[in-house]
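In what follows, a structure is listed as structure tokens, so that the remarks can point back to it.
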Protein chains: 4
Amino acid sequence: MIRTETSVIVRYYETDQMGLTHHSNYIRYFEVGRSHFMNEIGYPYGLMEEEGCLSPIMSITIRYVRPSYFDEELTIRTEVRELPEDFAVFYQDIYNSKGKLVAGGTVKVAFLDAATKKRAKAPTNLILASKKHWVE
Amino acid sequence: MIRTETSVIVRYYETDQMGLTHHSNYIRYFEVGRSHFMNEIGYPYGLMEEEGCLSPIMSITIRYVRPSYFDEELTIRTEVRELPEDFAVFYQDIYNSKGKLVAGGTVKVAFLDAATKKRAKAPTNLILASKKHWVE
Amino acid sequence: MIRTETSVIVRYYETDQMGLTHHSNYIRYFEVGRSHFMNEIGYPYGLMEEEGCLSPIMSITIRYVRPSYFDEELTIRTEVRELPEDFAVFYQDIYNSKGKLVAGGTVKVAFLDAATKKRAKAPTNLILASKKHWVE
Amino acid sequence: MIRTETSVIVRYYETDQMGLTHHSNYIRYFEVGRSHFMNEIGYPYGLMEEEGCLSPIMSITIRYVRPSYFDEELTIRTEVRELPEDFAVFYQDIYNSKGKLVAGGTVKVAFLDAATKKRAKAPTNLILASKKHWVE
């Protein structure tokens, strides 16, 4: 498995009139976590796209455990537990500054050939980068 | 059950560099669908909040079936299949202008007393409004 | 000049913890207004892009006159007062349902050749479409 | 004057189908810059709100100089050049990682008594915090 962590600070515009971080933003923080994950394993999203592979989202499940607030620092933990093949599955959790779970979920991603827009296997460079950073 | 429909047109800023509607926006369109649902049954979200009830999201599942594009008109279908008690569950689907499914999912919502921030039952006015518009 | 009008309903996620529509969203409503403008004159943004012309924003000025709120219907008025040449300038105002001004401003747009990314004149089809809908 | 700097990394959902950071996001980065500014001078926005002062935006001018891209690190420079009285004016510039200007502008902010929603002077604690960090 590979686990990475990064953090965000909740922005004012990400709050809503309930006075909390709007729920849709956690989906976006998950994406921040995955971008960071890709950078950490040395195969940035941008590079994967330049090499002709797009990675549309197939499905997301997310549960919301407790609220978070403006200006709060949140930690996004991102795990991959199996080497990507037809899909990659990201297990993602968001913690507040006290280490309490705010939201958690899974994101399933497919791979597309950018030229043909047809489904593809996970790109070789993603597999290689993942293997290099794999821990049991 | 109650079913309502409303529509949105994909906005330019809702696209991303893949050239598609960014996946996080469907979560937001779901919310547009629920707001419209509440208006349709005559118990707007804003009124529910004024009456002291907040409705935080508990969980969401969403699957993405096909992409949508800038300036495309999408239909958001929102269904409630059981009267809300401790939770309300919304079944939501988004269709493109050809009637093809773009994304679908479920959104589970809880109820909070706005003053105490404690969990509460679905407000009576929501039950009444729902019963009034219920069809078998 | 050409004047068009369209409307939006303020979405829940567009509010912030002040309980108002977040100021950044009016910039986005302006864009909704310009998209609608282009559709109305029969030369949609999407078509202009397909024909090889991008239109990056050069500058925006906006003043905020009064707040707007969740679920409120806003009217976006968009005016072009001179035929576009090197730039197009859009004069845009947003009114609430009582006809009161919420925010107003100007948006200056340039034109880029999509292939070379070099600055270009306003595309001929935009000029033609504008002339067709021009009123003194 | 007081000058602070912070940085953001452009998020994927902040790009649009032109392949660039969408222009509306710089308005949001400005806000990130102002939040950070307030933290740096020791009078966070959240505290100002708790002390009963809201700070709605009165006007913004922004010019866009060059594009920025997904995953690029941007520096937000925020300056206050006069002590706030009826208004605060923030001069804000965004630079890319090569130190080139991406966008710059000014944001004029007013002060409201949160209870009465009436216009107010800049809160004393904001003046004090500003004076403490003032440099000629």
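Letters for chains follow the order of the structure tokens (A, B, ...), residue numbers begin at 1 for each chain, and ligand numbers begin at 1 in the order shown.
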
Least-squares Cα fit of chain B to chain A, output as a tab-separated table (two decimals) with N, CA and C atoms, in the first residue's frame:
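Wrote it out as part36.tsv, contents follow:
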chain	number	residue	atom	x	y	z
B	1	MET	N	0.82	-1.18	-0.03
B	1	MET	CA	-0.01	0.02	-0.03
B	1	MET	C	0.87	1.27	-0.04
B	2	ILE	N	0.23	2.34	-0.42
B	2	ILE	CA	0.92	3.64	-0.36
B	2	ILE	C	0.00	4.59	0.39
B	3	ARG	N	0.56	5.33	1.31
B	3	ARG	CA	-0.23	6.34	2.04
B	3	ARG	C	0.50	7.68	1.99
B	4	THR	N	-0.23	8.71	1.63
B	4	THR	CA	0.35	10.05	1.68
B	4	THR	C	-0.58	10.97	2.45
B	5	GLU	N	-0.02	12.05	2.93
B	5	GLU	CA	-0.81	13.04	3.66
B	5	GLU	C	-0.46	14.45	3.21
B	6	THR	N	-1.48	15.26	3.12
B	6	THR	CA	-1.24	16.68	2.86
B	6	THR	C	-2.29	17.46	3.65
B	7	SER	N	-2.22	18.77	3.62
B	7	SER	CA	-3.21	19.51	4.40
B	7	SER	C	-3.76	20.70	3.62
B	8	VAL	N	-4.93	21.12	4.04
B	8	VAL	CA	-5.55	22.33	3.49
B	8	VAL	C	-6.06	23.15	4.67
B	9	ILE	N	-6.22	24.42	4.44
B	9	ILE	CA	-6.89	25.30	5.42
B	9	ILE	C	-8.23	25.69	4.81
B	10	VAL	N	-9.30	25.51	5.57
B	10	VAL	CA	-10.64	25.80	5.04
B	10	VAL	C	-10.74	27.28	4.68
B	11	ARG	N	-11.15	27.56	3.45
B	11	ARG	CA	-11.24	28.93	2.96
B	11	ARG	C	-12.62	29.50	3.25
B	12	TYR	N	-12.68	30.82	3.36
B	12	TYR	CA	-13.95	31.46	3.74
B	12	TYR	C	-15.07	31.10	2.76
B	13	TYR	N	-14.77	31.15	1.46
B	13	TYR	CA	-15.82	30.89	0.46
B	13	TYR	C	-16.25	29.42	0.46
B	14	GLU	N	-15.52	28.57	1.16
B	14	GLU	CA	-15.90	27.16	1.25
B	14	GLU	C	-16.91	26.90	2.37
B	15	THR	N	-17.15	27.91	3.20
B	15	THR	CA	-18.20	27.79	4.22
B	15	THR	C	-19.55	28.12	3.58
B	16	ASP	N	-20.62	27.75	4.27
B	16	ASP	CA	-21.96	28.11	3.81
B	16	ASP	C	-22.73	28.74	4.97
B	17	GLN	N	-23.99	29.06	4.73
B	17	GLN	CA	-24.72	29.81	5.75
B	17	GLN	C	-25.05	28.99	7.01
B	18	MET	N	-24.76	27.68	6.98
B	18	MET	CA	-24.86	26.90	8.22
B	18	MET	C	-23.65	27.20	9.12
B	19	GLY	N	-22.63	27.89	8.56
B	19	GLY	CA	-21.45	28.23	9.34
B	19	GLY	C	-20.37	27.15	9.32
B	20	LEU	N	-20.53	26.18	8.41
B	20	LEU	CA	-19.63	25.03	8.32
B	20	LEU	C	-19.00	24.98	6.93
B	21	THR	N	-17.99	24.16	6.80
B	21	THR	CA	-17.48	23.84	5.47
B	21	THR	C	-18.58	23.12	4.68
B	22	HIS	N	-18.89	23.62	3.49
B	22	HIS	CA	-19.93	22.99	2.69
B	22	HIS	C	-19.49	21.58	2.27
B	23	HIS	N	-20.44	20.63	2.33
B	23	HIS	CA	-20.09	19.22	2.13
B	23	HIS	C	-19.42	18.92	0.79
B	24	SER	N	-19.73	19.71	-0.24
B	24	SER	CA	-19.15	19.43	-1.56
B	24	SER	C	-17.64	19.65	-1.58
B	25	ASN	N	-17.15	20.47	-0.66
B	25	ASN	CA	-15.72	20.77	-0.68
B	25	ASN	C	-14.84	19.59	-0.27
B	26	TYR	N	-15.40	18.65	0.51
B	26	TYR	CA	-14.58	17.49	0.88
B	26	TYR	C	-14.26	16.65	-0.34
B	27	ILE	N	-15.19	16.61	-1.30
B	27	ILE	CA	-14.93	15.93	-2.58
B	27	ILE	C	-13.74	16.59	-3.28
B	28	ARG	N	-13.67	17.90	-3.15
B	28	ARG	CA	-12.58	18.66	-3.76
B	28	ARG	C	-11.27	18.49	-2.97
B	29	TYR	N	-11.38	18.40	-1.66
B	29	TYR	CA	-10.18	18.14	-0.86
B	29	TYR	C	-9.64	16.74	-1.18
B	30	PHE	N	-10.54	15.80	-1.40
B	30	PHE	CA	-10.09	14.46	-1.82
B	30	PHE	C	-9.21	14.59	-3.08
B	31	GLU	N	-9.67	15.41	-4.01
B	31	GLU	CA	-8.89	15.59	-5.24
B	31	GLU	C	-7.54	16.23	-4.96
B	32	VAL	N	-7.52	17.21	-4.05
B	32	VAL	CA	-6.24	17.79	-3.63
B	32	VAL	C	-5.33	16.68	-3.09
B	33	GLY	N	-5.91	15.78	-2.30
B	33	GLY	CA	-5.15	14.65	-1.75
B	33	GLY	C	-4.60	13.73	-2.84
B	34	ARG	N	-5.41	13.47	-3.86
B	34	ARG	CA	-4.94	12.58	-4.94
B	34	ARG	C	-3.86	13.25	-5.79
B	35	SER	N	-4.02	14.55	-6.04
B	35	SER	CA	-2.97	15.28	-6.77
B	35	SER	C	-1.65	15.21	-6.02
B	36	HIS	N	-1.74	15.44	-4.73
B	36	HIS	CA	-0.53	15.39	-3.90
B	36	HIS	C	0.05	13.98	-3.89
B	37	PHE	N	-0.80	12.98	-3.81
B	37	PHE	CA	-0.37	11.57	-3.88
B	37	PHE	C	0.45	11.34	-5.13
B	38	MET	N	-0.08	11.78	-6.26
B	38	MET	CA	0.60	11.56	-7.55
B	38	MET	C	1.95	12.28	-7.57
B	39	ASN	N	1.98	13.48	-7.03
B	39	ASN	CA	3.27	14.20	-6.94
B	39	ASN	C	4.25	13.44	-6.06
B	40	GLU	N	3.76	12.90	-4.95
B	40	GLU	CA	4.62	12.20	-4.00
B	40	GLU	C	5.24	10.95	-4.59
B	41	ILE	N	4.48	10.23	-5.42
B	41	ILE	CA	5.04	9.01	-6.02
B	41	ILE	C	5.83	9.35	-7.29
B	42	GLY	N	5.91	10.62	-7.61
B	42	GLY	CA	6.76	11.03	-8.73
B	42	GLY	C	6.11	10.89	-10.09
B	43	TYR	N	4.80	10.80	-10.12
B	43	TYR	CA	4.10	10.72	-11.41
B	43	TYR	C	2.89	11.66	-11.37
B	44	PRO	N	3.17	12.96	-11.48
B	44	PRO	CA	2.11	13.97	-11.34
B	44	PRO	C	0.98	13.77	-12.35
B	45	TYR	N	-0.23	14.10	-11.92
B	45	TYR	CA	-1.40	14.08	-12.80
B	45	TYR	C	-1.13	14.77	-14.13
B	46	GLY	N	-0.51	15.94	-14.05
B	46	GLY	CA	-0.24	16.72	-15.25
B	46	GLY	C	0.60	15.93	-16.24
B	47	LEU	N	1.59	15.21	-15.71
B	47	LEU	CA	2.46	14.39	-16.56
B	47	LEU	C	1.67	13.23	-17.16
B	48	MET	N	0.83	12.59	-16.34
B	48	MET	CA	0.01	11.49	-16.84
B	48	MET	C	-0.87	11.97	-18.00
B	49	GLU	N	-1.44	13.16	-17.85
B	49	GLU	CA	-2.25	13.72	-18.94
B	49	GLU	C	-1.42	14.01	-20.19
B	50	GLU	N	-0.24	14.58	-19.96
B	50	GLU	CA	0.65	14.85	-21.11
B	50	GLU	C	1.02	13.56	-21.82
B	51	GLU	N	1.13	12.49	-21.06
B	51	GLU	CA	1.46	11.19	-21.66
B	51	GLU	C	0.24	10.51	-22.26
B	52	GLY	N	-0.88	11.23	-22.28
B	52	GLY	CA	-2.03	10.74	-23.04
B	52	GLY	C	-3.04	9.92	-22.26
B	53	CYS	N	-3.00	10.04	-20.94
B	53	CYS	CA	-3.96	9.28	-20.14
B	53	CYS	C	-4.81	10.20	-19.28
B	54	LEU	N	-6.11	10.14	-19.46
B	54	LEU	CA	-7.04	10.87	-18.60
B	54	LEU	C	-7.56	9.91	-17.53
B	55	SER	N	-8.05	10.46	-16.43
B	55	SER	CA	-8.51	9.57	-15.36
B	55	SER	C	-9.83	10.05	-14.78
B	56	PRO	N	-10.92	9.81	-15.49
B	56	PRO	CA	-12.24	10.23	-15.00
B	56	PRO	C	-12.66	9.44	-13.76
B	57	ILE	N	-13.45	10.10	-12.94
B	57	ILE	CA	-13.98	9.46	-11.72
B	57	ILE	C	-15.14	8.55	-12.10
B	58	MET	N	-15.13	7.33	-11.56
B	58	MET	CA	-16.22	6.37	-11.78
B	58	MET	C	-17.28	6.45	-10.70
B	59	SER	N	-16.82	6.52	-9.46
B	59	SER	CA	-17.78	6.58	-8.34
B	59	SER	C	-17.09	7.11	-7.09
B	60	ILE	N	-17.90	7.64	-6.23
B	60	ILE	CA	-17.42	8.14	-4.94
B	60	ILE	C	-18.42	7.75	-3.87
B	61	THR	N	-17.91	7.30	-2.72
B	61	THR	CA	-18.76	7.22	-1.53
B	61	THR	C	-18.09	8.07	-0.47
B	62	ILE	N	-18.90	8.81	0.24
B	62	ILE	CA	-18.34	9.65	1.30
B	62	ILE	C	-19.32	9.70	2.46
B	63	ARG	N	-18.75	9.58	3.68
B	63	ARG	CA	-19.59	9.79	4.86
B	63	ARG	C	-18.99	10.97	5.64
B	64	TYR	N	-19.93	11.73	6.21
B	64	TYR	CA	-19.56	12.95	6.91
B	64	TYR	C	-19.70	12.70	8.39
B	65	VAL	N	-18.63	12.85	9.14
B	65	VAL	CA	-18.62	12.42	10.54
B	65	VAL	C	-18.80	13.61	11.49
B	66	ARG	N	-18.07	14.65	11.24
B	66	ARG	CA	-18.24	15.87	12.05
B	66	ARG	C	-17.90	17.08	11.20
B	67	PRO	N	-18.40	18.25	11.60
B	67	PRO	CA	-18.17	19.44	10.77
B	67	PRO	C	-16.74	19.97	10.89
B	68	SER	N	-16.37	20.80	9.96
B	68	SER	CA	-15.14	21.59	10.09
B	68	SER	C	-15.49	23.03	9.79
B	69	TYR	N	-14.57	23.92	10.10
B	69	TYR	CA	-14.88	25.35	10.12
B	69	TYR	C	-13.84	26.19	9.38
B	70	PHE	N	-14.24	27.39	9.06
B	70	PHE	CA	-13.35	28.37	8.43
B	70	PHE	C	-12.01	28.44	9.15
B	71	ASP	N	-10.94	28.43	8.38
B	71	ASP	CA	-9.57	28.68	8.84
B	71	ASP	C	-8.99	27.48	9.61
B	72	GLU	N	-9.72	26.38	9.63
B	72	GLU	CA	-9.24	25.19	10.32
B	72	GLU	C	-8.30	24.42	9.39
B	73	GLU	N	-7.23	23.90	9.94
B	73	GLU	CA	-6.32	23.08	9.13
B	73	GLU	C	-6.78	21.63	9.16
B	74	LEU	N	-6.96	21.07	7.97
B	74	LEU	CA	-7.41	19.69	7.83
B	74	LEU	C	-6.31	18.86	7.18
B	75	THR	N	-6.18	17.63	7.63
B	75	THR	CA	-5.22	16.70	7.03
B	75	THR	C	-5.97	15.71	6.14
B	76	ILE	N	-5.49	15.57	4.93
B	76	ILE	CA	-6.10	14.64	3.98
B	76	ILE	C	-5.17	13.43	3.85
B	77	ARG	N	-5.66	12.29	4.25
B	77	ARG	CA	-4.88	11.05	4.13
B	77	ARG	C	-5.40	10.26	2.93
B	78	THR	N	-4.50	9.86	2.06
B	78	THR	CA	-4.87	9.17	0.82
B	78	THR	C	-4.13	7.83	0.76
B	79	GLU	N	-4.88	6.75	0.57
B	79	GLU	CA	-4.25	5.43	0.49
B	79	GLU	C	-4.65	4.71	-0.78
B	80	VAL	N	-3.68	4.02	-1.37
B	80	VAL	CA	-3.96	3.05	-2.43
B	80	VAL	C	-3.56	1.69	-1.87
B	81	ARG	N	-4.49	0.74	-1.92
B	81	ARG	CA	-4.24	-0.55	-1.26
B	81	ARG	C	-3.98	-1.69	-2.24
B	82	GLU	N	-4.30	-1.43	-3.51
B	82	GLU	CA	-4.00	-2.42	-4.56
B	82	GLU	C	-3.44	-1.68	-5.75
B	83	LEU	N	-2.51	-2.31	-6.44
B	83	LEU	CA	-1.97	-1.68	-7.64
B	83	LEU	C	-3.09	-1.44	-8.64
B	84	PRO	N	-3.15	-0.27	-9.24
B	84	PRO	CA	-4.19	0.01	-10.23
B	84	PRO	C	-4.07	-0.89	-11.46
B	85	GLU	N	-5.22	-1.36	-11.95
B	85	GLU	CA	-5.25	-2.12	-13.21
B	85	GLU	C	-6.29	-1.45	-14.11
B	86	ASP	N	-7.50	-1.99	-14.13
B	86	ASP	CA	-8.56	-1.30	-14.89
B	86	ASP	C	-9.00	-0.02	-14.18
B	87	PHE	N	-8.86	-0.03	-12.87
B	87	PHE	CA	-9.25	1.11	-12.05
B	87	PHE	C	-8.18	1.37	-11.00
B	88	ALA	N	-8.22	2.55	-10.43
B	88	ALA	CA	-7.49	2.80	-9.19
B	88	ALA	C	-8.54	3.14	-8.14
B	89	VAL	N	-8.35	2.63	-6.94
B	89	VAL	CA	-9.25	2.99	-5.84
B	89	VAL	C	-8.45	3.73	-4.77
B	90	PHE	N	-8.92	4.91	-4.44
B	90	PHE	CA	-8.27	5.73	-3.42
B	90	PHE	C	-9.14	5.71	-2.16
B	91	TYR	N	-8.54	5.37	-1.02
B	91	TYR	CA	-9.21	5.44	0.27
B	91	TYR	C	-8.78	6.75	0.91
B	92	GLN	N	-9.73	7.61	1.19
B	92	GLN	CA	-9.35	8.95	1.62
B	92	GLN	C	-10.11	9.35	2.89
B	93	ASP	N	-9.33	9.91	3.82
B	93	ASP	CA	-9.91	10.39	5.08
B	93	ASP	C	-9.41	11.79	5.36
B	94	ILE	N	-10.28	12.57	5.96
B	94	ILE	CA	-9.93	13.95	6.31
B	94	ILE	C	-10.07	14.11	7.81
B	95	TYR	N	-8.99	14.60	8.45
B	95	TYR	CA	-8.95	14.76	9.90
B	95	TYR	C	-8.83	16.24	10.25
B	96	ASN	N	-9.41	16.60	11.37
B	96	ASN	CA	-9.21	17.98	11.84
B	96	ASN	C	-7.92	18.07	12.65
B	97	SER	N	-7.65	19.27	13.18
B	97	SER	CA	-6.35	19.48	13.81
B	97	SER	C	-6.21	18.72	15.13
B	98	LYS	N	-7.32	18.23	15.66
B	98	LYS	CA	-7.25	17.39	16.87
B	98	LYS	C	-7.14	15.91	16.52
B	99	GLY	N	-7.01	15.61	15.22
B	99	GLY	CA	-6.87	14.21	14.80
B	99	GLY	C	-8.19	13.48	14.71
B	100	LYS	N	-9.30	14.19	14.81
B	100	LYS	CA	-10.63	13.57	14.72
B	100	LYS	C	-11.06	13.50	13.26
B	101	LEU	N	-11.73	12.40	12.93
B	101	LEU	CA	-12.21	12.20	11.57
B	101	LEU	C	-13.34	13.17	11.23
B	102	VAL	N	-13.20	13.86	10.12
B	102	VAL	CA	-14.22	14.79	9.64
B	102	VAL	C	-15.06	14.10	8.56
B	103	ALA	N	-14.38	13.48	7.61
B	103	ALA	CA	-15.08	12.80	6.52
B	103	ALA	C	-14.17	11.75	5.94
B	104	GLY	N	-14.78	10.69	5.42
B	104	GLY	CA	-13.96	9.63	4.82
B	104	GLY	C	-14.71	8.98	3.68
B	105	GLY	N	-13.95	8.40	2.76
B	105	GLY	CA	-14.63	7.77	1.63
B	105	GLY	C	-13.69	7.09	0.68
B	106	THR	N	-14.25	6.64	-0.42
B	106	THR	CA	-13.45	5.99	-1.46
B	106	THR	C	-13.78	6.62	-2.80
B	107	VAL	N	-12.76	6.69	-3.63
B	107	VAL	CA	-12.90	7.27	-4.97
B	107	VAL	C	-12.34	6.27	-5.97
B	108	LYS	N	-13.19	5.86	-6.91
B	108	LYS	CA	-12.78	4.89	-7.93
B	108	LYS	C	-12.57	5.63	-9.24
B	109	VAL	N	-11.40	5.43	-9.82
B	109	VAL	CA	-10.98	6.19	-10.98
B	109	VAL	C	-10.70	5.23	-12.13
B	110	ALA	N	-11.11	5.58	-13.34
B	110	ALA	CA	-10.79	4.78	-14.53
B	110	ALA	C	-9.69	5.47	-15.32
B	111	PHE	N	-9.28	4.85	-16.40
B	111	PHE	CA	-8.25	5.43	-17.26
B	111	PHE	C	-8.77	5.47	-18.69
B	112	LEU	N	-8.49	6.58	-19.35
B	112	LEU	CA	-8.94	6.79	-20.73
B	112	LEU	C	-7.75	7.16	-21.60
B	113	ASP	N	-7.69	6.60	-22.77
B	113	ASP	CA	-6.76	7.08	-23.78
B	113	ASP	C	-7.25	8.46	-24.23
B	114	ALA	N	-6.40	9.48	-24.05
B	114	ALA	CA	-6.83	10.85	-24.33
B	114	ALA	C	-7.16	11.05	-25.80
B	115	ALA	N	-6.50	10.31	-26.67
B	115	ALA	CA	-6.72	10.49	-28.11
B	115	ALA	C	-8.03	9.84	-28.55
B	116	THR	N	-8.24	8.61	-28.14
B	116	THR	CA	-9.42	7.86	-28.62
B	116	THR	C	-10.61	7.99	-27.68
B	117	LYS	N	-10.37	8.45	-26.45
B	117	LYS	CA	-11.40	8.52	-25.40
B	117	LYS	C	-11.94	7.13	-25.05
B	118	LYS	N	-11.16	6.09	-25.37
B	118	LYS	CA	-11.54	4.72	-25.01
B	118	LYS	C	-10.91	4.35	-23.67
B	119	ARG	N	-11.57	3.44	-22.97
B	119	ARG	CA	-11.04	2.94	-21.71
B	119	ARG	C	-9.71	2.24	-21.92
B	120	ALA	N	-8.84	2.39	-20.94
B	120	ALA	CA	-7.50	1.82	-21.04
B	120	ALA	C	-7.10	1.23	-19.69
B	121	LYS	N	-6.02	0.50	-19.69
B	121	LYS	CA	-5.43	0.02	-18.44
B	121	LYS	C	-4.67	1.18	-17.77
B	122	ALA	N	-4.40	1.01	-16.50
B	122	ALA	CA	-3.56	1.99	-15.80
B	122	ALA	C	-2.24	2.11	-16.56
B	123	PRO	N	-1.75	3.33	-16.78
B	123	PRO	CA	-0.51	3.49	-17.54
B	123	PRO	C	0.69	2.84	-16.83
B	124	THR	N	1.60	2.30	-17.62
B	124	THR	CA	2.79	1.62	-17.10
B	124	THR	C	3.56	2.51	-16.12
B	125	ASN	N	3.68	3.79	-16.45
B	125	ASN	CA	4.43	4.67	-15.57
B	125	ASN	C	3.76	4.85	-14.21
B	126	LEU	N	2.45	4.71	-14.18
B	126	LEU	CA	1.77	4.78	-12.88
B	126	LEU	C	2.05	3.52	-12.06
B	127	ILE	N	2.04	2.36	-12.75
B	127	ILE	CA	2.35	1.10	-12.07
B	127	ILE	C	3.78	1.14	-11.51
B	128	LEU	N	4.70	1.57	-12.36
B	128	LEU	CA	6.11	1.62	-11.94
B	128	LEU	C	6.31	2.55	-10.75
B	129	ALA	N	5.70	3.73	-10.85
B	129	ALA	CA	5.84	4.71	-9.75
B	129	ALA	C	5.22	4.15	-8.47
B	130	SER	N	4.09	3.45	-8.62
B	130	SER	CA	3.42	2.87	-7.45
B	130	SER	C	4.29	1.79	-6.82
B	131	LYS	N	4.84	0.91	-7.65
B	131	LYS	CA	5.67	-0.19	-7.11
B	131	LYS	C	6.87	0.36	-6.35
B	132	LYS	N	7.42	1.45	-6.87
B	132	LYS	CA	8.61	2.05	-6.26
B	132	LYS	C	8.31	2.55	-4.85
B	133	HIS	N	7.07	2.97	-4.61
B	133	HIS	CA	6.72	3.54	-3.30
B	133	HIS	C	5.87	2.60	-2.46
B	134	TRP	N	5.74	1.34	-2.91
B	134	TRP	CA	4.87	0.39	-2.24
B	134	TRP	C	5.47	-0.08	-0.92
B	135	VAL	N	4.64	-0.12	0.10
B	135	VAL	CA	5.07	-0.73	1.36
B	135	VAL	C	4.06	-1.79	1.76
B	136	GLU	N	4.54	-2.87	2.39
B	136	GLU	CA	3.62	-3.95	2.79
B	136	GLU	C	2.88	-3.58	4.06

Sel. of helix (DSSP H, G or I) residues, chain B, as a ChimeraX atom specification: /B:12-14,24-40,45-50,124-132

Write out the residues from the selection above, keeping N, CA and C atoms, as a short mmCIF file (atom, residue, chain, number, x, y, z; two decimals), in the first residue's frame.
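Result file part.cif:
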data_model
loop_
_atom_site.label_atom_id
_atom_site.label_comp_id
_atom_site.auth_asym_id
_atom_site.auth_seq_id
_atom_site.Cartn_x
_atom_site.Cartn_y
_atom_site.Cartn_z
N TYR B 12 -19.43 27.64 -17.53
CA TYR B 12 -18.05 27.51 -18.02
C TYR B 12 -17.08 27.16 -16.89
N TYR B 13 -17.22 27.85 -15.75
CA TYR B 13 -16.28 27.62 -14.64
C TYR B 13 -16.47 26.25 -14.01
N GLU B 14 -17.53 25.56 -14.36
CA GLU B 14 -17.76 24.21 -13.84
C GLU B 14 -17.04 23.14 -14.66
N SER B 24 -17.08 17.16 -9.12
CA SER B 24 -17.61 17.69 -7.85
C SER B 24 -18.90 18.49 -8.06
N ASN B 25 -19.10 18.98 -9.27
CA ASN B 25 -20.29 19.80 -9.50
C ASN B 25 -21.59 19.02 -9.47
N TYR B 26 -21.52 17.71 -9.75
CA TYR B 26 -22.77 16.92 -9.69
C TYR B 26 -23.28 16.85 -8.26
N ILE B 27 -22.37 16.84 -7.29
CA ILE B 27 -22.76 16.90 -5.88
C ILE B 27 -23.52 18.21 -5.61
N ARG B 28 -23.08 19.26 -6.27
CA ARG B 28 -23.72 20.56 -6.12
C ARG B 28 -25.05 20.62 -6.88
N TYR B 29 -25.11 19.97 -8.03
CA TYR B 29 -26.38 19.91 -8.76
C TYR B 29 -27.39 19.11 -7.94
N PHE B 30 -26.93 18.07 -7.28
CA PHE B 30 -27.84 17.31 -6.39
C PHE B 30 -28.47 18.28 -5.38
N GLU B 31 -27.65 19.15 -4.83
CA GLU B 31 -28.18 20.11 -3.85
C GLU B 31 -29.18 21.06 -4.49
N VAL B 32 -28.89 21.49 -5.72
CA VAL B 32 -29.87 22.31 -6.45
C VAL B 32 -31.19 21.54 -6.57
N GLY B 33 -31.09 20.25 -6.86
CA GLY B 33 -32.28 19.40 -6.98
C GLY B 33 -33.05 19.30 -5.66
N ARG B 34 -32.32 19.18 -4.55
CA ARG B 34 -33.01 19.08 -3.25
C ARG B 34 -33.66 20.40 -2.85
N SER B 35 -32.97 21.51 -3.14
CA SER B 35 -33.57 22.83 -2.86
C SER B 35 -34.88 22.99 -3.62
N HIS B 36 -34.82 22.62 -4.89
CA HIS B 36 -36.01 22.72 -5.73
C HIS B 36 -37.10 21.79 -5.21
N PHE B 37 -36.73 20.59 -4.81
CA PHE B 37 -37.68 19.63 -4.21
C PHE B 37 -38.41 20.27 -3.05
N MET B 38 -37.65 20.88 -2.15
CA MET B 38 -38.24 21.50 -0.96
C MET B 38 -39.19 22.64 -1.35
N ASN B 39 -38.79 23.42 -2.33
CA ASN B 39 -39.69 24.48 -2.82
C ASN B 39 -40.97 23.89 -3.39
N GLU B 40 -40.83 22.80 -4.14
CA GLU B 40 -41.98 22.18 -4.80
C GLU B 40 -42.99 21.63 -3.81
N TYR B 45 -36.09 25.04 2.06
CA TYR B 45 -34.95 24.91 2.97
C TYR B 45 -34.81 26.13 3.88
N GLY B 46 -34.92 27.30 3.27
CA GLY B 46 -34.74 28.54 4.03
C GLY B 46 -35.74 28.63 5.17
N LEU B 47 -36.97 28.21 4.89
CA LEU B 47 -38.02 28.23 5.92
C LEU B 47 -37.70 27.21 7.01
N MET B 48 -37.27 26.01 6.60
CA MET B 48 -36.91 24.98 7.58
C MET B 48 -35.81 25.50 8.51
N GLU B 49 -34.83 26.20 7.94
CA GLU B 49 -33.77 26.77 8.77
C GLU B 49 -34.30 27.85 9.72
N GLU B 50 -35.18 28.70 9.18
CA GLU B 50 -35.78 29.74 10.03
C GLU B 50 -36.57 29.12 11.17
N THR B 124 -41.94 18.37 11.88
CA THR B 124 -43.35 18.07 11.57
C THR B 124 -43.78 18.71 10.26
N ASN B 125 -43.35 19.94 10.03
CA ASN B 125 -43.77 20.61 8.80
C ASN B 125 -43.21 19.94 7.55
N LEU B 126 -42.07 19.30 7.69
CA LEU B 126 -41.53 18.55 6.55
C LEU B 126 -42.36 17.29 6.29
N ILE B 127 -42.75 16.62 7.38
CA ILE B 127 -43.60 15.42 7.25
C ILE B 127 -44.93 15.80 6.61
N LEU B 128 -45.53 16.86 7.11
CA LEU B 128 -46.84 17.29 6.59
C LEU B 128 -46.75 17.66 5.11
N ALA B 129 -45.72 18.43 4.78
CA ALA B 129 -45.56 18.83 3.37
C ALA B 129 -45.32 17.61 2.49
N SER B 130 -44.56 16.65 3.01
CA SER B 130 -44.28 15.43 2.24
C SER B 130 -45.56 14.63 2.03
N LYS B 131 -46.34 14.46 3.09
CA LYS B 131 -47.58 13.67 2.98
C LYS B 131 -48.52 14.28 1.95
N LYS B 132 -48.55 15.61 1.94
CA LYS B 132 -49.45 16.33 1.03
C LYS B 132 -49.10 16.05 -0.43
#

Please, which residues of chain D, numbered as in this document, come out strand (DSSP E or B) from DSSP, as number ranges by chain? D: 2-9, 15, 21, 53-54, 57-64, 73-80, 87-95, 101-110, 112-113, 119
